[in-house]
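Undergrad: My questions all concern the structure below.
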Amino acid sequence: MDLGLRGRKAIVCASSQGLGKACALALAQEGVCVVINGRNRELLEATAREIREAAPVDVTPVLADVSTREGQDALLGACPEPDILVNNNGGPPFRNFRELSREDLLTGVTMNMVTPIELIQRVIDGMATRRFGRIVNITSASVKMPISGLDLSSGARAGLTAFLAGVARSVADSNVTLNSLLPGSFDTARLSAGLTAAAKRRGVAASTIMKEWRAAIPARRFGRASELGNACAFLCSVHAGYITGQNILMDGGEYPAAF
Ligand SMILES: NC(=O)c1ccc[n+]([C@@H]2O[C@H](COP(=O)([O-])OP(=O)(O)OC[C@H]3O[C@@H](n4cnc5c(N)ncnc54)[C@H](OP(=O)(O)O)[C@@H]3O)[C@@H](O)[C@H]2O)c1
């Protein structure tokens, strides 16, 4: 299927590795020029090289913290009129909610709710005027299903989800869509760090935790970042113009409900 995206421009936040990188790569392979982003220069530049080798498109690395105004200015400076915005960021660390300070709470809400909203505020009207826009937010299955210890992440992302439900409807008639992808367990550096931390907490081998986590997923495996990247590219495609305001779980069947 040709996704009809050749020549489009995308900003993909937090994309030097993991799920963001997979989105940038999938879009680049569809002919989209991509601005990629991260805070580690070596990692970011290595990823830019990798994407350029995989696809003949412009790849612009922006070394910046997406949670800051300066970082957002740098991203928009590199691509002032994006057709596509993929919102992604790091997530707050696993922590007992009792231990979160006010500053921790505000940082988590800034990362996973305020930052994507700020970027959307800055791109959405241009997209509506040009009558094409695709906004995809990488959130988490924890928006629907509690994960103890990731309460701040869940709360901030659920706030984003509710906030955007109305926004999505307000621009649907301009061919601008807003959707979120809700990953369950995907095989990335973040998952490995979570496995290692869980193993340490329980005093068992990481392989034991990995087996338990896999066993809890009906697909009996972790997701591949490329699967999420390709789903993101489809949501950005010309074929997905009638899908908006949706929250799409990608969790190998882990969320146990019909709806
Ligand atoms: N993997 C999963 O199973 C899973 C499940 C549910 C939700 N999620 C969520 O999905 C998102 C992506 O997860 P992932 O697994 O792909 O994580 P990852 O492998 O750790 O990658 C995170 C990426 O974001 C960049 N990044 C982090 N903070 C940034 C910032 N402030 N500004 C710019 N770039 C930043 C990192 O680069 P630098 O550190 O160099 O900046 C890196 O490129 C996270 O919010 C995570 O909580 C993941």
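Ordering of the structure tokens sets the chain letters (A, B, ...), residue numbers begin anew at 1 in every chain, and ligands are numbered from 1 in the order given.
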How would you report the residues lying within 8 Å of ligand 1, as a PyMOL selection string, if you count only C-alpha atoms and all ligand atoms?
TA: chain A and resi 13-21+37-41+43-44+63-68+71+88-92+111-112+138-142+153+182-191+222-223+225
Undergrad: Counting only C-alpha atoms, what is within 7 Å of range 79-81 of chain A, bar same-chain residues fewer than 3 positions away, as number ranges by chain?
TA: A: 75-76, 126
Undergrad: Quick one: of A:Pro82, A:Gly7, A:Gly108, A:Pro218, who's nearest to Gly133 in chain A, counting only C-alpha atoms?
TA: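 Under the stated criterion, the closest residue is A:Pro82.
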Undergrad: For the structure I just gave you, how does DSSP split range 7-249 of chain A - specifically, which residues are strand (DSSP E)? Reply as an NGL selection string.
TA: :A and (9-12 or 33-38 or 59-63 or 84-87 or 133-138 or 176-183 or 247-249)
Undergrad: May I have the residues within 10 Å of His239 in chain A as a list in words, using only C-alpha atoms and disregarding those fewer than 3 positions away in the same chain?
TA: Met1, Asp2, Leu3, Gly4, Phe234, Leu235, Cys236, Tyr242 and Ile243 of chain A
Undergrad: Where does DSSP see alpha helix (DSSP H) in range 39-217 of chain A, if you list the residues as number ranges by chain?
TA: A: 41-54, 69-78, 102-109, 115-130, 151-171, 189-202, 206-215
Undergrad: Enter the distance from CA of Phe132 in chain A to CA of Ser174 in chain A, in Å, rounded to one decimal.
TA: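 Separation of CA of Phe132 in chain A and CA of Ser174 in chain A: 7.0 Å.
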Undergrad: Enter the distance from CA of Leu27 in chain A to CA of Val109 in chain A, in Å, rounded to one decimal.
TA: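 Spanning CA of Leu27 in chain A to CA of Val109 in chain A is a straight-line distance of 27.9 Å.
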Undergrad: Take CA of Glu227 in chain A and CA of Ala193 in chain A and report the distance between them in Å, one decimal.
TA: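 Separation of CA of Glu227 in chain A and CA of Ala193 in chain A: 20.6 Å.
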Undergrad: Which one is closest to Arg214 in chain A: A:Leu195, A:Ile84, A:Ile51, A:Ile120? Count only C-alpha atoms.
TA: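 Smallest separation from Arg214 in chain A among the options: A:Leu195.
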Undergrad: Measuring between only C-alpha atoms, which one of A:Asn175, A:Thr110, A:Ser154, A:Thr60 shows the shortest distance to Arg134 in chain A?
TA: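 Looking at the shortest contact to Arg134 in chain A, the residue is A:Asn175.
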